[in-house]
Amino acid sequence: MKNVVLLGPPGAGKGTVASRLVQAFGFLHVSTGDMLREEVAKGTPLGELARGYMARGELVPDEVILSLVQQRVDAQKGVLFDGFPRTVAQAEGLERFTTVDVVVFLEVDREEVVRRLSSRRICEKCGAVYNLVTQPPKEPGKCDRCGGALLQREDDKPEVVARRFEVYMRDSAPLVAYYEGRGLLRRVRADRAPEEVFRAVAEVLR
Ligand code: AP5
């Protein structure tokens with residue numbers, strides 16, 4: 001099985017397509033954003049360290065992220081990396097403990113991601129992702145899966161979204177050329193319905 005990296009700006013739909021890919025292909029899903037949010041919720045020392053960076057829309061330091069990911073995957077195959085690597089240093093670090101077979105770059109413009117993030121809601125209990133415009137819950141404010149309350153992520157406030165996008169352009173966008181240079185990059189248009197994005201990514205992986 002392949003190791004796959006999902007690359008794309010904040011709000012490109014990485015988490016949304018990842019959950020469908022996990023169901024369809026059985027990947028081990030490694031989302032550094034989800035892992036960090038769990039640490040924050042549990043109040044661990046790592047969570048305490050990460051909290052401020054995340055609230056400001058900055059990246060958590062590379063060495064912290066690399067050790068978190070390495071503990072989870074170590075040479076395992078069939079991993080879907082979501083939101084990692086996010087810097088060239090993280091990409092180089094990843095190559096030291098496992099291989100990357102394909103990188104799917106979800107292309108979507110800034111206006112669209114700002115629209116998506118301002119209307120995103122997350123279940124406080126199970127983490128399911130909704131969108132008030134494109135993927136609303138059946139009952140307002142309530143998770144379809146577990147009935148939990150739907151909340152806005154702290155870092156989805158407009159000023160933090162703007163910072164996250166700047167940080168993406170400065171630190172993460174160079175990964176497109178990095179992986180293109182290695183012949184691993186596949187571009188997928190992500191400005192389409194979630195089902196179409198899933199089908200296009202699944203096609204790349206087959
Ligand atoms: P993280 O949680 O990884 O945030 P992100 O990369 O900014 O990505 P998002 O989760 O915001 O968006 P997404 O692309 O998954 O989109 P989603 O599917 O939810 O990271 C958060 C923070 O943690 C970072 O800022 C940083 O501080 C830290 N961090 C994490 N990883 C790190 C790392 N490796 N190094 C350092 N720091 C790290 O979709 C968004 C919305 O759009 C949803 O409402 C969804 O329903 C909707 N939607 C999805 N697809 C579509 C579609 N096709 N059409 C219409 N709507 C759609």
# chains A, B, ... in the order shown; residues from 1 in each chain; ligands from 1
>>> residues_near_ligand(ligand="ligand 1", cutoff="7 Å", atoms="only C-alpha atoms and all ligand atoms", output="PDB file with N, CA, C and O atoms, in the first residue's frame")
ATOM      1  N   GLY A   8      -2.266  21.135   0.659  1.00  0.00           N
ATOM      2  CA  GLY A   8      -3.220  22.145   0.202  1.00  0.00           C
ATOM      3  C   GLY A   8      -3.392  23.202   1.263  1.00  0.00           C
ATOM      4  O   GLY A   8      -3.094  22.968   2.437  1.00  0.00           O
ATOM      5  N   PRO A   9      -3.904  24.370   0.870  1.00  0.00           N
ATOM      6  CA  PRO A   9      -4.058  25.459   1.834  1.00  0.00           C
ATOM      7  C   PRO A   9      -5.077  25.128   2.915  1.00  0.00           C
ATOM      8  O   PRO A   9      -5.851  24.170   2.764  1.00  0.00           O
ATOM      9  N   PRO A  10      -5.106  25.929   4.000  1.00  0.00           N
ATOM     10  CA  PRO A  10      -6.131  25.737   5.028  1.00  0.00           C
ATOM     11  C   PRO A  10      -7.505  25.748   4.360  1.00  0.00           C
ATOM     12  O   PRO A  10      -7.759  26.599   3.499  1.00  0.00           O
ATOM     13  N   GLY A  11      -8.351  24.799   4.729  1.00  0.00           N
ATOM     14  CA  GLY A  11      -9.712  24.802   4.194  1.00  0.00           C
ATOM     15  C   GLY A  11      -9.843  24.232   2.790  1.00  0.00           C
ATOM     16  O   GLY A  11     -10.923  24.280   2.197  1.00  0.00           O
ATOM     17  N   ALA A  12      -8.780  23.641   2.257  1.00  0.00           N
ATOM     18  CA  ALA A  12      -8.853  23.073   0.904  1.00  0.00           C
ATOM     19  C   ALA A  12      -9.774  21.859   0.865  1.00  0.00           C
ATOM     20  O   ALA A  12     -10.255  21.470  -0.204  1.00  0.00           O
ATOM     21  N   GLY A  13      -9.995  21.245   2.035  1.00  0.00           N
ATOM     22  CA  GLY A  13     -10.842  20.039   2.073  1.00  0.00           C
ATOM     23  C   GLY A  13     -10.028  18.785   2.333  1.00  0.00           C
ATOM     24  O   GLY A  13     -10.478  17.677   2.043  1.00  0.00           O
ATOM     25  N   LYS A  14      -8.832  18.945   2.935  1.00  0.00           N
ATOM     26  CA  LYS A  14      -7.957  17.788   3.197  1.00  0.00           C
ATOM     27  C   LYS A  14      -8.650  16.800   4.141  1.00  0.00           C
ATOM     28  O   LYS A  14      -8.700  15.607   3.871  1.00  0.00           O
ATOM     29  N   GLY A  15      -9.176  17.308   5.259  1.00  0.00           N
ATOM     30  CA  GLY A  15      -9.818  16.433   6.238  1.00  0.00           C
ATOM     31  C   GLY A  15     -11.051  15.752   5.658  1.00  0.00           C
ATOM     32  O   GLY A  15     -11.305  14.573   5.918  1.00  0.00           O
ATOM     33  N   THR A  16     -11.811  16.502   4.863  1.00  0.00           N
ATOM     34  CA  THR A  16     -13.048  15.961   4.281  1.00  0.00           C
ATOM     35  C   THR A  16     -12.736  14.810   3.329  1.00  0.00           C
ATOM     36  O   THR A  16     -13.327  13.734   3.415  1.00  0.00           O
ATOM     37  N   VAL A  17     -11.779  15.017   2.433  1.00  0.00           N
ATOM     38  CA  VAL A  17     -11.461  13.944   1.488  1.00  0.00           C
ATOM     39  C   VAL A  17     -10.739  12.804   2.211  1.00  0.00           C
ATOM     40  O   VAL A  17     -10.925  11.637   1.880  1.00  0.00           O
ATOM     41  N   SER A  31      -3.407  12.966  10.858  1.00  0.00           N
ATOM     42  CA  SER A  31      -3.673  14.400  10.735  1.00  0.00           C
ATOM     43  C   SER A  31      -2.991  15.085  11.904  1.00  0.00           C
ATOM     44  O   SER A  31      -3.402  14.903  13.057  1.00  0.00           O
ATOM     45  N   THR A  32      -1.950  15.864  11.611  1.00  0.00           N
ATOM     46  CA  THR A  32      -1.240  16.511  12.720  1.00  0.00           C
ATOM     47  C   THR A  32      -2.137  17.543  13.403  1.00  0.00           C
ATOM     48  O   THR A  32      -2.054  17.726  14.617  1.00  0.00           O
ATOM     49  N   GLY A  33      -3.037  18.177  12.635  1.00  0.00           N
ATOM     50  CA  GLY A  33      -3.974  19.123  13.254  1.00  0.00           C
ATOM     51  C   GLY A  33      -4.851  18.418  14.282  1.00  0.00           C
ATOM     52  O   GLY A  33      -4.999  18.882  15.415  1.00  0.00           O
ATOM     53  N   ASP A  34      -5.426  17.256  13.907  1.00  0.00           N
ATOM     54  CA  ASP A  34      -6.285  16.508  14.849  1.00  0.00           C
ATOM     55  C   ASP A  34      -5.475  16.035  16.057  1.00  0.00           C
ATOM     56  O   ASP A  34      -5.946  16.083  17.204  1.00  0.00           O
ATOM     57  N   LEU A  36      -2.810  17.367  17.356  1.00  0.00           N
ATOM     58  CA  LEU A  36      -2.502  18.504  18.236  1.00  0.00           C
ATOM     59  C   LEU A  36      -3.745  18.946  19.009  1.00  0.00           C
ATOM     60  O   LEU A  36      -3.663  19.241  20.208  1.00  0.00           O
ATOM     61  N   TYR A  53       0.554  28.592  19.495  1.00  0.00           N
ATOM     62  CA  TYR A  53       0.866  28.625  18.054  1.00  0.00           C
ATOM     63  C   TYR A  53      -0.417  28.468  17.242  1.00  0.00           C
ATOM     64  O   TYR A  53      -0.656  29.185  16.272  1.00  0.00           O
ATOM     65  N   MET A  54      -1.240  27.504  17.641  1.00  0.00           N
ATOM     66  CA  MET A  54      -2.456  27.204  16.873  1.00  0.00           C
ATOM     67  C   MET A  54      -3.434  28.373  16.935  1.00  0.00           C
ATOM     68  O   MET A  54      -4.025  28.742  15.923  1.00  0.00           O
ATOM     69  N   GLY A  57      -2.448  30.947  14.567  1.00  0.00           N
ATOM     70  CA  GLY A  57      -2.345  30.559  13.154  1.00  0.00           C
ATOM     71  C   GLY A  57      -0.915  30.342  12.706  1.00  0.00           C
ATOM     72  O   GLY A  57      -0.625  30.321  11.506  1.00  0.00           O
ATOM     73  N   GLU A  58      -0.012  30.155  13.697  1.00  0.00           N
ATOM     74  CA  GLU A  58       1.403  29.890  13.368  1.00  0.00           C
ATOM     75  C   GLU A  58       1.655  28.392  13.379  1.00  0.00           C
ATOM     76  O   GLU A  58       0.861  27.627  13.942  1.00  0.00           O
ATOM     77  N   LEU A  59       2.786  27.970  12.821  1.00  0.00           N
ATOM     78  CA  LEU A  59       3.121  26.545  12.839  1.00  0.00           C
ATOM     79  C   LEU A  59       3.783  26.158  14.161  1.00  0.00           C
ATOM     80  O   LEU A  59       4.588  26.919  14.709  1.00  0.00           O
ATOM     81  N   VAL A  60       3.449  24.965  14.620  1.00  0.00           N
ATOM     82  CA  VAL A  60       4.116  24.377  15.785  1.00  0.00           C
ATOM     83  C   VAL A  60       5.529  23.969  15.313  1.00  0.00           C
ATOM     84  O   VAL A  60       5.688  23.536  14.159  1.00  0.00           O
ATOM     85  N   PRO A  61       6.573  24.114  16.172  1.00  0.00           N
ATOM     86  CA  PRO A  61       7.945  23.856  15.696  1.00  0.00           C
ATOM     87  C   PRO A  61       8.132  22.469  15.069  1.00  0.00           C
ATOM     88  O   PRO A  61       7.556  21.475  15.527  1.00  0.00           O
ATOM     89  N   ASP A  62       8.975  22.438  14.024  1.00  0.00           N
ATOM     90  CA  ASP A  62       9.193  21.219  13.235  1.00  0.00           C
ATOM     91  C   ASP A  62       9.580  20.013  14.086  1.00  0.00           C
ATOM     92  O   ASP A  62       9.076  18.910  13.881  1.00  0.00           O
ATOM     93  N   ILE A  65       6.651  18.429  15.861  1.00  0.00           N
ATOM     94  CA  ILE A  65       5.761  17.727  14.918  1.00  0.00           C
ATOM     95  C   ILE A  65       6.405  16.421  14.464  1.00  0.00           C
ATOM     96  O   ILE A  65       5.751  15.371  14.411  1.00  0.00           O
ATOM     97  N   ASP A  82      -2.161  14.070   6.479  1.00  0.00           N
ATOM     98  CA  ASP A  82      -3.113  15.166   6.233  1.00  0.00           C
ATOM     99  C   ASP A  82      -2.631  16.373   7.051  1.00  0.00           C
ATOM    100  O   ASP A  82      -2.626  16.325   8.269  1.00  0.00           O
ATOM    101  N   GLY A  83      -2.179  17.407   6.332  1.00  0.00           N
ATOM    102  CA  GLY A  83      -1.671  18.593   7.044  1.00  0.00           C
ATOM    103  C   GLY A  83      -0.237  18.427   7.496  1.00  0.00           C
ATOM    104  O   GLY A  83       0.267  19.202   8.307  1.00  0.00           O
ATOM    105  N   PHE A  84       0.441  17.442   7.005  1.00  0.00           N
ATOM    106  CA  PHE A  84       1.850  17.154   7.299  1.00  0.00           C
ATOM    107  C   PHE A  84       2.435  16.475   6.068  1.00  0.00           C
ATOM    108  O   PHE A  84       1.762  15.599   5.497  1.00  0.00           O
ATOM    109  N   PRO A  85       3.663  16.770   5.640  1.00  0.00           N
ATOM    110  CA  PRO A  85       4.516  17.840   6.136  1.00  0.00           C
ATOM    111  C   PRO A  85       4.014  19.221   5.700  1.00  0.00           C
ATOM    112  O   PRO A  85       3.289  19.344   4.729  1.00  0.00           O
ATOM    113  N   ARG A  86       4.453  20.219   6.442  1.00  0.00           N
ATOM    114  CA  ARG A  86       4.016  21.585   6.183  1.00  0.00           C
ATOM    115  C   ARG A  86       5.190  22.520   5.952  1.00  0.00           C
ATOM    116  O   ARG A  86       4.990  23.714   5.746  1.00  0.00           O
ATOM    117  N   ARG A 116     -15.186  28.819   2.910  1.00  0.00           N
ATOM    118  CA  ARG A 116     -15.396  27.510   3.548  1.00  0.00           C
ATOM    119  C   ARG A 116     -15.111  27.556   5.050  1.00  0.00           C
ATOM    120  O   ARG A 116     -15.850  26.989   5.848  1.00  0.00           O
ATOM    121  N   LEU A 117     -14.014  28.226   5.420  1.00  0.00           N
ATOM    122  CA  LEU A 117     -13.625  28.199   6.842  1.00  0.00           C
ATOM    123  C   LEU A 117     -14.576  29.019   7.699  1.00  0.00           C
ATOM    124  O   LEU A 117     -14.835  28.669   8.852  1.00  0.00           O
ATOM    125  N   SER A 119     -17.671  29.184   7.424  1.00  0.00           N
ATOM    126  CA  SER A 119     -18.918  28.452   7.660  1.00  0.00           C
ATOM    127  C   SER A 119     -18.675  27.005   8.115  1.00  0.00           C
ATOM    128  O   SER A 119     -19.598  26.204   8.165  1.00  0.00           O
ATOM    129  N   ARG A 120     -17.427  26.674   8.465  1.00  0.00           N
ATOM    130  CA  ARG A 120     -17.149  25.321   8.967  1.00  0.00           C
ATOM    131  C   ARG A 120     -17.613  25.193  10.420  1.00  0.00           C
ATOM    132  O   ARG A 120     -17.437  26.105  11.224  1.00  0.00           O
ATOM    133  N   ARG A 121     -18.158  24.071  10.775  1.00  0.00           N
ATOM    134  CA  ARG A 121     -18.491  23.756  12.162  1.00  0.00           C
ATOM    135  C   ARG A 121     -17.991  22.343  12.447  1.00  0.00           C
ATOM    136  O   ARG A 121     -18.029  21.477  11.584  1.00  0.00           O
ATOM    137  N   VAL A 129     -16.844  16.944  10.644  1.00  0.00           N
ATOM    138  CA  VAL A 129     -16.734  18.279  10.040  1.00  0.00           C
ATOM    139  C   VAL A 129     -17.989  18.580   9.211  1.00  0.00           C
ATOM    140  O   VAL A 129     -18.427  17.755   8.408  1.00  0.00           O
ATOM    141  N   TYR A 130     -18.547  19.765   9.425  1.00  0.00           N
ATOM    142  CA  TYR A 130     -19.723  20.210   8.661  1.00  0.00           C
ATOM    143  C   TYR A 130     -19.430  21.558   8.029  1.00  0.00           C
ATOM    144  O   TYR A 130     -18.442  22.222   8.359  1.00  0.00           O
ATOM    145  N   ASN A 131     -20.336  21.951   7.143  1.00  0.00           N
ATOM    146  CA  ASN A 131     -20.265  23.302   6.600  1.00  0.00           C
ATOM    147  C   ASN A 131     -21.693  23.824   6.505  1.00  0.00           C
ATOM    148  O   ASN A 131     -22.551  23.148   5.937  1.00  0.00           O
ATOM    149  N   THR A 134     -22.359  24.176   2.568  1.00  0.00           N
ATOM    150  CA  THR A 134     -22.246  23.053   1.630  1.00  0.00           C
ATOM    151  C   THR A 134     -22.544  21.676   2.241  1.00  0.00           C
ATOM    152  O   THR A 134     -22.947  20.775   1.526  1.00  0.00           O
ATOM    153  N   GLN A 135     -22.315  21.514   3.538  1.00  0.00           N
ATOM    154  CA  GLN A 135     -22.606  20.210   4.165  1.00  0.00           C
ATOM    155  C   GLN A 135     -23.243  20.421   5.524  1.00  0.00           C
ATOM    156  O   GLN A 135     -22.640  20.117   6.561  1.00  0.00           O
ATOM    157  N   ARG A 164      -3.137  32.221   8.928  1.00  0.00           N
ATOM    158  CA  ARG A 164      -2.860  30.836   8.505  1.00  0.00           C
ATOM    159  C   ARG A 164      -2.546  30.804   7.013  1.00  0.00           C
ATOM    160  O   ARG A 164      -1.664  30.062   6.567  1.00  0.00           O
ATOM    161  N   ALA A 190      -9.757  21.270  -6.372  1.00  0.00           N
ATOM    162  CA  ALA A 190     -10.579  21.035  -5.178  1.00  0.00           C
ATOM    163  C   ALA A 190     -11.727  22.040  -5.070  1.00  0.00           C
ATOM    164  O   ALA A 190     -12.394  22.101  -4.043  1.00  0.00           O
ATOM    165  N   ASP A 191     -11.964  22.805  -6.136  1.00  0.00           N
ATOM    166  CA  ASP A 191     -13.070  23.773  -6.117  1.00  0.00           C
ATOM    167  C   ASP A 191     -14.339  23.136  -6.690  1.00  0.00           C
ATOM    168  O   ASP A 191     -15.078  23.755  -7.428  1.00  0.00           O
ATOM    169  N   ARG A 192     -14.544  21.858  -6.390  1.00  0.00           N
ATOM    170  CA  ARG A 192     -15.728  21.139  -6.860  1.00  0.00           C
ATOM    171  C   ARG A 192     -16.373  20.448  -5.667  1.00  0.00           C
ATOM    172  O   ARG A 192     -15.821  20.449  -4.572  1.00  0.00           O
ATOM    173  N   ALA A 193     -17.507  19.826  -5.922  1.00  0.00           N
ATOM    174  CA  ALA A 193     -18.245  19.172  -4.826  1.00  0.00           C
ATOM    175  C   ALA A 193     -17.370  18.094  -4.171  1.00  0.00           C
ATOM    176  O   ALA A 193     -16.544  17.474  -4.858  1.00  0.00           O
ATOM    177  N   PRO A 194     -17.534  17.876  -2.856  1.00  0.00           N
ATOM    178  CA  PRO A 194     -16.702  16.896  -2.149  1.00  0.00           C
ATOM    179  C   PRO A 194     -16.648  15.522  -2.831  1.00  0.00           C
ATOM    180  O   PRO A 194     -15.589  14.904  -2.900  1.00  0.00           O
ATOM    181  N   VAL A 197     -14.292  15.688  -5.759  1.00  0.00           N
ATOM    182  CA  VAL A 197     -12.900  15.765  -5.311  1.00  0.00           C
ATOM    183  C   VAL A 197     -12.445  14.363  -4.889  1.00  0.00           C
ATOM    184  O   VAL A 197     -11.368  13.893  -5.278  1.00  0.00           O
TER     185      VAL A 197
END
>>> select_by_dssp(residues="segment 121-196 of chain A", states="strand (DSSP E or B)", output="ChimeraX atom specification")
/A:121-123,129-131,135,142,149-151,185-189
>>> residues_around(residues="Val176 of chain A", least_positions_apart="4", cutoff="8 Å", atoms="only C-alpha atoms", output="ChimeraX atom specification")
/A:105,172,180,185
>>> residues_around(residues="segment 148-152 of chain A", least_positions_apart="5", cutoff="7 Å", atoms="only C-alpha atoms", output="list in words")
Arg120, Arg121, Ile122, Cys123, Glu124, Lys125, Gly141, Lys142 and Cys143 of chain A
>>> residues_around(residues="segment 66-72 of chain A", least_positions_apart="4", cutoff="8 Å", atoms="only C-alpha atoms", output="list in words")
Val30, Thr32, Asp62, Gln90, Gly93, Leu94 and Phe97 of chain A
>>> closest_residue(among="A:Ala24, A:Phe198, A:Val73, A:Gly52", to="Val40 of chain A", atoms="only C-alpha atoms")
A:Gly52
>>> atom_distance(atom1="atom CA of Leu106 of chain A", atom2="atom CA of Leu7 of chain A")
6.2 Å
>>> select_by_dssp(residues="chain A", states="alpha helix (DSSP H)", output="PyMOL selection string")
chain A and resi 14-25+32-42+45-56+62-73+88-97+110-118+158-167+174-181+194-205
>>> closest_residue(among="A:Val5, A:Ala18, A:Gly26, A:Leu49", to="Thr98 of chain A", atoms="only C-alpha atoms")
A:Val5
>>> closest_residue(among="A:Ala91, A:Cys146, A:Leu132, A:Ala173", to="Glu63 of chain A", atoms="only C-alpha atoms")
A:Ala91
>>> closest_residue(among="A:Val114, A:Leu28, A:Val104, A:Leu80", to="Asp155 of chain A", atoms="only C-alpha atoms")
A:Val114
